>>> print(open('model30.txt').read())   # compact mmCIF, C-alpha atoms
# COMPACT_ATOMS: atom_id res chain seq x y z
CA MET A 617 0.00 0.00 0.00
CA LYS A 618 1.41 3.35 -1.08
CA THR A 619 1.53 6.00 1.63
CA LYS A 620 0.62 9.57 0.77
CA ALA A 621 3.36 12.16 0.64
CA ASN A 622 3.55 14.72 3.41
CA ASN A 623 5.39 17.48 1.60
CA TYR A 624 5.46 21.15 2.56
CA ALA A 625 5.70 24.13 0.20
CA PHE A 626 7.65 27.25 1.12
CA ILE A 627 6.64 30.12 -1.16
CA ASP A 628 8.45 33.39 -1.79
CA SER A 629 5.23 35.27 -2.62
CA GLN A 630 6.87 38.44 -3.92
CA ASN A 631 9.13 36.53 -6.32
CA LEU A 632 6.24 34.31 -7.40
CA ASN A 633 3.80 37.16 -7.99
CA LEU A 634 6.19 39.51 -9.81
CA SER A 635 7.64 36.72 -11.95
CA ILE A 636 4.22 35.50 -13.07
CA LEU A 637 3.09 39.07 -13.81
CA SER A 638 6.24 39.53 -15.93
CA LEU A 639 4.98 36.62 -18.06
CA GLY A 640 1.79 38.57 -18.73
CA TRP A 641 -0.68 36.64 -16.60
CA LYS A 642 -2.00 36.59 -13.07
CA LEU A 643 -1.84 33.53 -10.82
CA ASP A 644 -5.05 32.06 -9.41
CA PHE A 645 -3.80 31.20 -5.93
CA ALA A 646 -6.73 28.86 -5.14
CA ARG A 647 -5.97 26.78 -8.24
CA PHE A 648 -2.25 26.94 -7.44
CA ARG A 649 -2.88 25.48 -3.97
CA ILE A 650 -4.80 22.56 -5.50
CA TYR A 651 -1.98 22.08 -8.03
CA LEU A 652 0.60 21.88 -5.23
CA LYS A 653 -1.47 19.27 -3.43
CA GLU A 654 -2.13 17.13 -6.48
CA LYS A 655 1.24 17.41 -8.23
CA TYR A 656 3.63 17.50 -5.26
CA GLY A 657 1.68 16.01 -2.35
CA VAL A 658 1.81 19.32 -0.46
CA THR A 659 -0.14 19.08 2.78
CA LYS A 660 0.96 22.49 4.11
CA ALA A 661 1.81 25.53 1.99
CA PHE A 662 3.58 28.39 3.75
CA LEU A 663 3.29 31.71 1.92
CA PHE A 664 5.77 34.36 3.01
CA ILE A 665 4.39 37.84 2.45
CA GLY A 666 4.96 41.40 3.59
CA TYR A 667 2.06 42.74 5.64
CA ILE A 668 0.47 45.91 4.28
CA GLU A 669 -2.43 47.52 6.13
CA GLY A 670 -5.53 47.50 3.95
CA ASN A 671 -4.77 44.21 2.16
CA ASN A 672 -6.83 42.13 4.58
CA GLU A 673 -9.18 40.83 1.88
CA LEU A 674 -6.16 39.48 -0.03
CA TYR A 675 -4.79 37.78 3.08
CA ILE A 676 -8.17 36.25 3.94
CA SER A 677 -8.56 34.91 0.40
CA LEU A 678 -5.07 33.37 0.50
CA GLN A 679 -5.84 31.71 3.84
CA SER A 680 -9.22 30.52 2.54
CA ALA A 681 -7.41 28.91 -0.41
CA GLY A 682 -5.36 26.87 2.05
CA PHE A 683 -2.16 28.86 2.46
CA ILE A 684 -0.55 29.45 5.83
CA CYS A 685 0.47 33.10 5.60
CA ILE A 686 3.65 34.12 7.37
CA PHE A 687 3.64 37.90 7.58
CA LYS A 688 6.60 40.22 7.82
CA PRO A 689 6.21 43.89 8.68
CA THR A 690 6.96 46.14 5.72
CA LEU A 691 8.83 49.39 5.54
CA GLU A 692 7.55 52.28 3.46
CA TYR A 693 10.24 54.53 2.05
CA LYS A 694 10.05 58.24 1.26
CA ASP A 695 9.95 57.50 -2.47
CA GLY A 696 6.69 55.55 -1.93
CA THR A 697 8.15 52.08 -2.34
CA THR A 698 7.39 49.36 0.17
CA LYS A 699 9.85 46.66 1.22
CA GLY A 700 9.13 43.47 3.12
CA ASN A 701 11.87 40.96 2.35
CA CYS A 702 10.79 37.55 3.68
CA ASP A 703 13.82 35.44 2.68
CA ALA A 704 15.10 34.83 6.21
CA GLU A 705 11.61 33.86 7.40
CA LEU A 706 11.26 31.31 4.61
CA VAL A 707 14.60 29.67 5.43
CA LEU A 708 13.87 29.72 9.16
CA HIS A 709 10.42 28.12 8.74
CA ALA A 710 11.79 25.47 6.38
CA MET A 711 14.19 24.49 9.19
CA ILE A 712 11.63 24.78 12.02
CA GLU A 713 9.27 22.50 10.08
CA TYR A 714 12.10 20.19 8.89
CA PRO A 715 11.18 17.19 11.08
CA ASN A 716 7.49 17.48 10.12
CA TYR A 717 7.66 17.03 6.34
CA ASP A 718 8.89 14.32 4.01
CA LYS A 719 10.18 16.71 1.36
CA ALA A 720 10.08 20.43 0.66
CA VAL A 721 8.95 22.27 -2.43
CA ILE A 722 10.59 25.69 -2.66
CA ILE A 723 8.82 28.22 -4.89
CA THR A 724 11.11 31.02 -5.98
CA GLY A 725 13.63 32.08 -8.57
CA ASP A 726 15.71 33.96 -6.00
CA GLY A 727 19.33 32.90 -5.54
CA ASP A 728 19.21 33.87 -1.87
CA PHE A 729 17.80 30.38 -1.28
CA TYR A 730 20.88 28.66 -2.72
CA CYS A 731 22.10 27.41 0.68
CA LEU A 732 18.65 26.10 1.68
CA VAL A 733 18.21 24.25 -1.61
CA GLN A 734 21.72 22.81 -1.38
CA TYR A 735 21.14 21.62 2.19
CA LEU A 736 17.79 20.02 1.34
CA ILE A 737 19.38 18.18 -1.60
CA GLU A 738 22.20 16.88 0.63
CA LYS A 739 19.64 15.61 3.17
CA GLU A 740 17.39 14.14 0.43
CA LYS A 741 14.54 16.37 1.61
CA LEU A 742 13.94 18.38 -1.59
CA ALA A 743 11.01 17.49 -3.83
CA GLY A 744 11.72 20.38 -6.19
CA VAL A 745 12.27 24.06 -6.80
CA LEU A 746 9.37 25.57 -8.68
CA ILE A 747 10.73 28.51 -10.69
CA PRO A 748 8.00 31.03 -11.61
CA ASN A 749 9.79 32.28 -14.76
CA ARG A 750 12.40 30.12 -16.50
CA LEU A 751 13.57 33.17 -18.48
CA ARG A 752 14.41 35.25 -15.39
CA PHE A 753 15.83 33.51 -12.34
CA SER A 754 19.09 33.55 -10.42
CA ALA A 755 22.19 31.94 -11.91
CA LEU A 756 22.86 30.52 -8.43
CA LEU A 757 19.97 28.10 -8.97
CA LYS A 758 21.34 26.98 -12.34
CA PHE A 759 24.24 24.94 -10.94
CA LYS A 760 24.46 21.35 -12.17
CA GLN A 761 23.44 19.72 -8.86
CA PHE A 762 20.19 21.74 -8.81
CA ARG A 763 19.04 21.02 -12.38
CA PRO A 764 17.24 17.71 -11.67
CA PHE A 765 15.08 19.52 -9.09
CA LEU A 766 14.09 22.56 -11.15
CA ARG A 767 10.52 22.86 -12.45
CA TYR A 768 9.11 25.86 -14.28
CA MET A 769 5.74 27.60 -14.23
CA ASN A 770 5.95 29.22 -17.69
CA ASP A 771 3.77 26.55 -19.30
CA LEU A 772 1.17 26.49 -16.53
CA GLU A 773 -0.80 29.55 -17.62
CA LYS A 774 -3.78 27.59 -18.98
CA LEU A 775 -3.95 25.57 -15.78
CA LEU A 776 -3.23 28.25 -13.18
CA ALA A 777 -4.08 31.68 -14.63
CA TYR A 778 -6.73 33.73 -12.88
CA LYS A 779 -9.82 34.08 -15.03
CA LYS A 780 -12.27 36.83 -14.23
CA LYS A 781 -15.64 35.37 -13.45
CA ARG A 782 -18.39 36.65 -15.66
CA PRO A 783 -21.60 37.75 -13.95
CA TYR A 784 -24.59 35.47 -14.28
CA GLU A 785 -27.01 36.57 -16.93
CA ASP A 786 -30.09 37.78 -15.10
CA LYS A 787 -32.23 38.69 -18.11
CA THR A 788 -32.52 42.37 -17.01
CA SER A 789 -30.97 43.89 -20.11
>>> encode(input="model30.txt", output="structure tokens")
Amino acid sequence: MKTKANNYAFIDSQNLNLSILSLGWKLDFARFRIYLKEKYGVTKAFLFIGYIEGNNELYISLQSAGFICIFKPTLEYKDGTTKGNCDAELVLHAMIEYPNYDKAVIITGDGDFYCLVQYLIEKEKLAGVLIPNRLRFSALLKFKQFRPFLRYMNDLEKLLAYKKKRPYEDKTS
């Protein structure tokens, strides 16, 4: 009898979101959560995201889709930009949760996760690195030992793109 995988996903939300937008489409996070469960056996999906006051509806929808949101306070600069780098939190949570999962799925194209990916490979605890945009990701993740673990989201638009729901026709026009 085959046992079900108990894999955890650790998601760099900023890298994921900006990379997918650079491809010209928007990710449907609810469909993405189902995809992670079905394709990678992900039982828990940690989404690392900067907390911005006023985005509560977004956070609630992400949690309703099955993501465990790990928030980091953001800083707003004088030029109007907002920064909430969550890299350290992602690495820390991957290690805190280490005894609880079979394998990890890391979702990012950021080379700052090189050491985490390398460690998980050495310990045989990496299911894969899901790169949001194969055309734009860090050269640090392109090393030979990482290649067998790299997966790309470029071809997943039909499966995972957000589609605006059309209103029901109510015969009032």
>>> closest_residue(input="model30.txt", among="A:Leu756, A:Ile668, A:Ala661, A:Leu639", to="A:Glu713", atoms="only C-alpha atoms")
A:Ala661
>>> closest_atom_pairs(input="model30.txt", of="stretch 645-689 of chain A", to="stretch 694-703 of chain A", cutoff="10 Å", atoms="only C-alpha atoms", output="JSON lines")
{"residue": "A:Leu663", "atom": "CA", "partner": "A:Cys702", "partner_atom": "CA", "distance": 9.7}
{"residue": "A:Phe664", "atom": "CA", "partner": "A:Cys702", "partner_atom": "CA", "distance": 6.0}
{"residue": "A:Ile665", "atom": "CA", "partner": "A:Cys702", "partner_atom": "CA", "distance": 6.5}
{"residue": "A:Gly666", "atom": "CA", "partner": "A:Gly700", "partner_atom": "CA", "distance": 4.7}
{"residue": "A:Tyr667", "atom": "CA", "partner": "A:Gly700", "partner_atom": "CA", "distance": 7.5}
{"residue": "A:Ile668", "atom": "CA", "partner": "A:Thr698", "partner_atom": "CA", "distance": 8.8}
{"residue": "A:Ile686", "atom": "CA", "partner": "A:Cys702", "partner_atom": "CA", "distance": 8.7}
{"residue": "A:Phe687", "atom": "CA", "partner": "A:Cys702", "partner_atom": "CA", "distance": 8.2}
{"residue": "A:Lys688", "atom": "CA", "partner": "A:Gly700", "partner_atom": "CA", "distance": 6.2}
{"residue": "A:Pro689", "atom": "CA", "partner": "A:Gly700", "partner_atom": "CA", "distance": 6.3}
>>> write_last_selection(input="model30.txt", atoms="C-alpha atoms", output="compact mmCIF listing (two decimals), keeping the file's coordinate frame")
# COMPACT_ATOMS: atom_id res chain seq x y z
CA LEU A 663 3.29 31.71 1.92
CA PHE A 664 5.77 34.36 3.01
CA ILE A 665 4.39 37.84 2.45
CA GLY A 666 4.96 41.40 3.59
CA TYR A 667 2.06 42.74 5.64
CA ILE A 668 0.47 45.91 4.28
CA ILE A 686 3.65 34.12 7.37
CA PHE A 687 3.64 37.90 7.58
CA LYS A 688 6.60 40.22 7.82
CA PRO A 689 6.21 43.89 8.68
>>> atom_distance(input="model30.txt", atom1="atom CA of A:Phe645", atom2="atom CA of A:Leu678")
6.9 Å
>>> residues_around(input="model30.txt", residues="A:Tyr735", least_positions_apart="6", cutoff="12 Å", atoms="only C-alpha atoms", output="ChimeraX atom specification")
/A:707,710-711,714,720,729,741-742,761-762
>>> closest_residue(input="model30.txt", among="A:Arg767, A:Lys660, A:Arg752, A:Lys780", to="A:Leu634", atoms="all atoms listed in the file")
A:Arg752
>>> closest_residue(input="model30.txt", among="A:Glu740, A:Asp644, A:Asp771, A:Asp628", to="A:Ala681", atoms="all atoms listed in the file")
A:Asp644
>>> atom_distance(input="model30.txt", atom1="atom CA of A:Leu706", atom2="atom CA of A:Lys739")
17.9 Å
>>> atom_distance(input="model30.txt", atom1="atom CA of A:Leu643", atom2="atom CA of A:Val733")
23.9 Å
>>> closest_residue(input="model30.txt", among="A:Phe683, A:Phe753, A:Tyr768, A:Phe759", to="A:Ile650", atoms="only C-alpha atoms")
A:Phe683
>>> closest_residue(input="model30.txt", among="A:Ser635, A:Phe626, A:Ile737, A:Trp641", to="A:Glu773", atoms="only C-alpha atoms")
A:Trp641
>>> closest_residue(input="model30.txt", among="A:Leu708, A:Ala621, A:Leu772, A:Leu757", to="A:Thr724", atoms="only C-alpha atoms")
A:Leu757
>>> residues_near_point(input="model30.txt", point="(-2.5, 17.5, 1.4)", cutoff="10 Å", atoms="all atoms listed in the file", output="list of chain:residue names")
A:Lys620, A:Ala621, A:Asn622, A:Asn623, A:Tyr624, A:Arg649, A:Ile650, A:Leu652, A:Lys653, A:Glu654, A:Tyr656, A:Gly657, A:Val658, A:Thr659, A:Lys660, A:Ala661, A:Gly682
>>> decode(input="model30.txt", residues="stretch 647-687 of chain A", atoms="N, CA and C atoms", output="PDB file, in the first residue's frame")
ATOM      1  N   ARG A 647      -6.320  27.875  -7.322  1.00  0.00           N
ATOM      2  CA  ARG A 647      -5.973  26.784  -8.239  1.00  0.00           C
ATOM      3  C   ARG A 647      -4.535  26.328  -8.012  1.00  0.00           C
ATOM      4  N   PHE A 648      -3.653  27.269  -7.702  1.00  0.00           N
ATOM      5  CA  PHE A 648      -2.254  26.941  -7.440  1.00  0.00           C
ATOM      6  C   PHE A 648      -2.130  26.040  -6.214  1.00  0.00           C
ATOM      7  N   ARG A 649      -2.933  26.311  -5.180  1.00  0.00           N
ATOM      8  CA  ARG A 649      -2.882  25.479  -3.965  1.00  0.00           C
ATOM      9  C   ARG A 649      -3.310  24.043  -4.282  1.00  0.00           C
ATOM     10  N   ILE A 650      -4.341  23.898  -5.092  1.00  0.00           N
ATOM     11  CA  ILE A 650      -4.797  22.563  -5.504  1.00  0.00           C
ATOM     12  C   ILE A 650      -3.700  21.870  -6.317  1.00  0.00           C
ATOM     13  N   TYR A 651      -3.077  22.611  -7.208  1.00  0.00           N
ATOM     14  CA  TYR A 651      -1.983  22.076  -8.030  1.00  0.00           C
ATOM     15  C   TYR A 651      -0.857  21.547  -7.139  1.00  0.00           C
ATOM     16  N   LEU A 652      -0.473  22.316  -6.134  1.00  0.00           N
ATOM     17  CA  LEU A 652       0.602  21.878  -5.234  1.00  0.00           C
ATOM     18  C   LEU A 652       0.234  20.583  -4.520  1.00  0.00           C
ATOM     19  N   LYS A 653      -1.008  20.479  -4.115  1.00  0.00           N
ATOM     20  CA  LYS A 653      -1.466  19.268  -3.425  1.00  0.00           C
ATOM     21  C   LYS A 653      -1.443  18.066  -4.360  1.00  0.00           C
ATOM     22  N   GLU A 654      -2.010  18.255  -5.544  1.00  0.00           N
ATOM     23  CA  GLU A 654      -2.134  17.135  -6.477  1.00  0.00           C
ATOM     24  C   GLU A 654      -0.810  16.736  -7.126  1.00  0.00           C
ATOM     25  N   LYS A 655       0.001  17.698  -7.499  1.00  0.00           N
ATOM     26  CA  LYS A 655       1.244  17.415  -8.234  1.00  0.00           C
ATOM     27  C   LYS A 655       2.400  17.033  -7.308  1.00  0.00           C
ATOM     28  N   TYR A 656       2.474  17.675  -6.139  1.00  0.00           N
ATOM     29  CA  TYR A 656       3.635  17.501  -5.264  1.00  0.00           C
ATOM     30  C   TYR A 656       3.305  16.910  -3.899  1.00  0.00           C
ATOM     31  N   GLY A 657       2.062  16.571  -3.647  1.00  0.00           N
ATOM     32  CA  GLY A 657       1.684  16.010  -2.353  1.00  0.00           C
ATOM     33  C   GLY A 657       1.853  16.986  -1.209  1.00  0.00           C
ATOM     34  N   VAL A 658       1.623  18.273  -1.481  1.00  0.00           N
ATOM     35  CA  VAL A 658       1.807  19.318  -0.465  1.00  0.00           C
ATOM     36  C   VAL A 658       0.614  19.332   0.484  1.00  0.00           C
ATOM     37  N   THR A 659       0.901  19.054   1.751  1.00  0.00           N
ATOM     38  CA  THR A 659      -0.137  19.078   2.775  1.00  0.00           C
ATOM     39  C   THR A 659      -0.202  20.428   3.488  1.00  0.00           C
ATOM     40  N   LYS A 660       0.928  21.137   3.541  1.00  0.00           N
ATOM     41  CA  LYS A 660       0.963  22.493   4.107  1.00  0.00           C
ATOM     42  C   LYS A 660       1.748  23.384   3.159  1.00  0.00           C
ATOM     43  N   ALA A 661       1.177  24.561   2.892  1.00  0.00           N
ATOM     44  CA  ALA A 661       1.813  25.526   1.994  1.00  0.00           C
ATOM     45  C   ALA A 661       1.995  26.843   2.739  1.00  0.00           C
ATOM     46  N   PHE A 662       3.240  27.159   3.035  1.00  0.00           N
ATOM     47  CA  PHE A 662       3.576  28.389   3.746  1.00  0.00           C
ATOM     48  C   PHE A 662       3.872  29.478   2.727  1.00  0.00           C
ATOM     49  N   LEU A 663       3.142  30.585   2.840  1.00  0.00           N
ATOM     50  CA  LEU A 663       3.295  31.707   1.924  1.00  0.00           C
ATOM     51  C   LEU A 663       3.888  32.869   2.697  1.00  0.00           C
ATOM     52  N   PHE A 664       5.058  33.294   2.307  1.00  0.00           N
ATOM     53  CA  PHE A 664       5.771  34.359   3.011  1.00  0.00           C
ATOM     54  C   PHE A 664       5.493  35.675   2.299  1.00  0.00           C
ATOM     55  N   ILE A 665       4.916  36.621   3.059  1.00  0.00           N
ATOM     56  CA  ILE A 665       4.389  37.836   2.449  1.00  0.00           C
ATOM     57  C   ILE A 665       4.549  39.021   3.392  1.00  0.00           C
ATOM     58  N   GLY A 666       4.877  40.170   2.810  1.00  0.00           N
ATOM     59  CA  GLY A 666       4.960  41.400   3.594  1.00  0.00           C
ATOM     60  C   GLY A 666       3.557  41.875   3.943  1.00  0.00           C
ATOM     61  N   TYR A 667       3.373  42.285   5.186  1.00  0.00           N
ATOM     62  CA  TYR A 667       2.056  42.736   5.639  1.00  0.00           C
ATOM     63  C   TYR A 667       1.878  44.216   5.336  1.00  0.00           C
ATOM     64  N   ILE A 668       0.810  44.528   4.596  1.00  0.00           N
ATOM     65  CA  ILE A 668       0.470  45.910   4.278  1.00  0.00           C
ATOM     66  C   ILE A 668      -0.952  46.155   4.762  1.00  0.00           C
ATOM     67  N   GLU A 669      -1.104  47.147   5.612  1.00  0.00           N
ATOM     68  CA  GLU A 669      -2.426  47.519   6.127  1.00  0.00           C
ATOM     69  C   GLU A 669      -3.362  47.807   4.960  1.00  0.00           C
ATOM     70  N   GLY A 670      -4.551  47.271   5.012  1.00  0.00           N
ATOM     71  CA  GLY A 670      -5.527  47.498   3.951  1.00  0.00           C
ATOM     72  C   GLY A 670      -5.624  46.343   2.962  1.00  0.00           C
ATOM     73  N   ASN A 671      -4.724  45.372   3.062  1.00  0.00           N
ATOM     74  CA  ASN A 671      -4.772  44.205   2.165  1.00  0.00           C
ATOM     75  C   ASN A 671      -5.427  42.997   2.823  1.00  0.00           C
ATOM     76  N   ASN A 672      -6.243  43.230   3.828  1.00  0.00           N
ATOM     77  CA  ASN A 672      -6.833  42.129   4.585  1.00  0.00           C
ATOM     78  C   ASN A 672      -7.659  41.181   3.732  1.00  0.00           C
ATOM     79  N   GLU A 673      -8.390  41.710   2.748  1.00  0.00           N
ATOM     80  CA  GLU A 673      -9.177  40.828   1.877  1.00  0.00           C
ATOM     81  C   GLU A 673      -8.276  39.861   1.129  1.00  0.00           C
ATOM     82  N   LEU A 674      -7.133  40.339   0.656  1.00  0.00           N
ATOM     83  CA  LEU A 674      -6.161  39.480  -0.029  1.00  0.00           C
ATOM     84  C   LEU A 674      -5.684  38.380   0.910  1.00  0.00           C
ATOM     85  N   TYR A 675      -5.309  38.758   2.125  1.00  0.00           N
ATOM     86  CA  TYR A 675      -4.789  37.784   3.083  1.00  0.00           C
ATOM     87  C   TYR A 675      -5.846  36.733   3.445  1.00  0.00           C
ATOM     88  N   ILE A 676      -7.074  37.181   3.621  1.00  0.00           N
ATOM     89  CA  ILE A 676      -8.168  36.255   3.940  1.00  0.00           C
ATOM     90  C   ILE A 676      -8.392  35.289   2.782  1.00  0.00           C
ATOM     91  N   SER A 677      -8.351  35.796   1.552  1.00  0.00           N
ATOM     92  CA  SER A 677      -8.564  34.915   0.398  1.00  0.00           C
ATOM     93  C   SER A 677      -7.431  33.900   0.267  1.00  0.00           C
ATOM     94  N   LEU A 678      -6.200  34.306   0.550  1.00  0.00           N
ATOM     95  CA  LEU A 678      -5.070  33.370   0.504  1.00  0.00           C
ATOM     96  C   LEU A 678      -5.227  32.278   1.566  1.00  0.00           C
ATOM     97  N   GLN A 679      -5.633  32.682   2.762  1.00  0.00           N
ATOM     98  CA  GLN A 679      -5.836  31.710   3.837  1.00  0.00           C
ATOM     99  C   GLN A 679      -7.014  30.790   3.517  1.00  0.00           C
ATOM    100  N   SER A 680      -8.065  31.333   2.923  1.00  0.00           N
ATOM    101  CA  SER A 680      -9.220  30.518   2.541  1.00  0.00           C
ATOM    102  C   SER A 680      -8.856  29.491   1.471  1.00  0.00           C
ATOM    103  N   ALA A 681      -7.862  29.827   0.639  1.00  0.00           N
ATOM    104  CA  ALA A 681      -7.408  28.910  -0.412  1.00  0.00           C
ATOM    105  C   ALA A 681      -6.523  27.799   0.151  1.00  0.00           C
ATOM    106  N   GLY A 682      -6.144  27.932   1.425  1.00  0.00           N
ATOM    107  CA  GLY A 682      -5.360  26.870   2.048  1.00  0.00           C
ATOM    108  C   GLY A 682      -3.912  27.207   2.326  1.00  0.00           C
ATOM    109  N   PHE A 683      -3.537  28.461   2.170  1.00  0.00           N
ATOM    110  CA  PHE A 683      -2.162  28.864   2.465  1.00  0.00           C
ATOM    111  C   PHE A 683      -2.030  29.278   3.926  1.00  0.00           C
ATOM    112  N   ILE A 684      -0.896  28.971   4.500  1.00  0.00           N
ATOM    113  CA  ILE A 684      -0.551  29.454   5.829  1.00  0.00           C
ATOM    114  C   ILE A 684       0.315  30.688   5.593  1.00  0.00           C
ATOM    115  N   CYS A 685      -0.241  31.856   5.866  1.00  0.00           N
ATOM    116  CA  CYS A 685       0.471  33.104   5.595  1.00  0.00           C
ATOM    117  C   CYS A 685       1.402  33.440   6.748  1.00  0.00           C
ATOM    118  N   ILE A 686       2.649  33.669   6.409  1.00  0.00           N
ATOM    119  CA  ILE A 686       3.651  34.122   7.371  1.00  0.00           C
ATOM    120  C   ILE A 686       3.951  35.567   6.993  1.00  0.00           C
ATOM    121  N   PHE A 687       3.536  36.477   7.869  1.00  0.00           N
ATOM    122  CA  PHE A 687       3.636  37.900   7.578  1.00  0.00           C
ATOM    123  C   PHE A 687       4.931  38.492   8.122  1.00  0.00           C
TER     124      PHE A 687
END
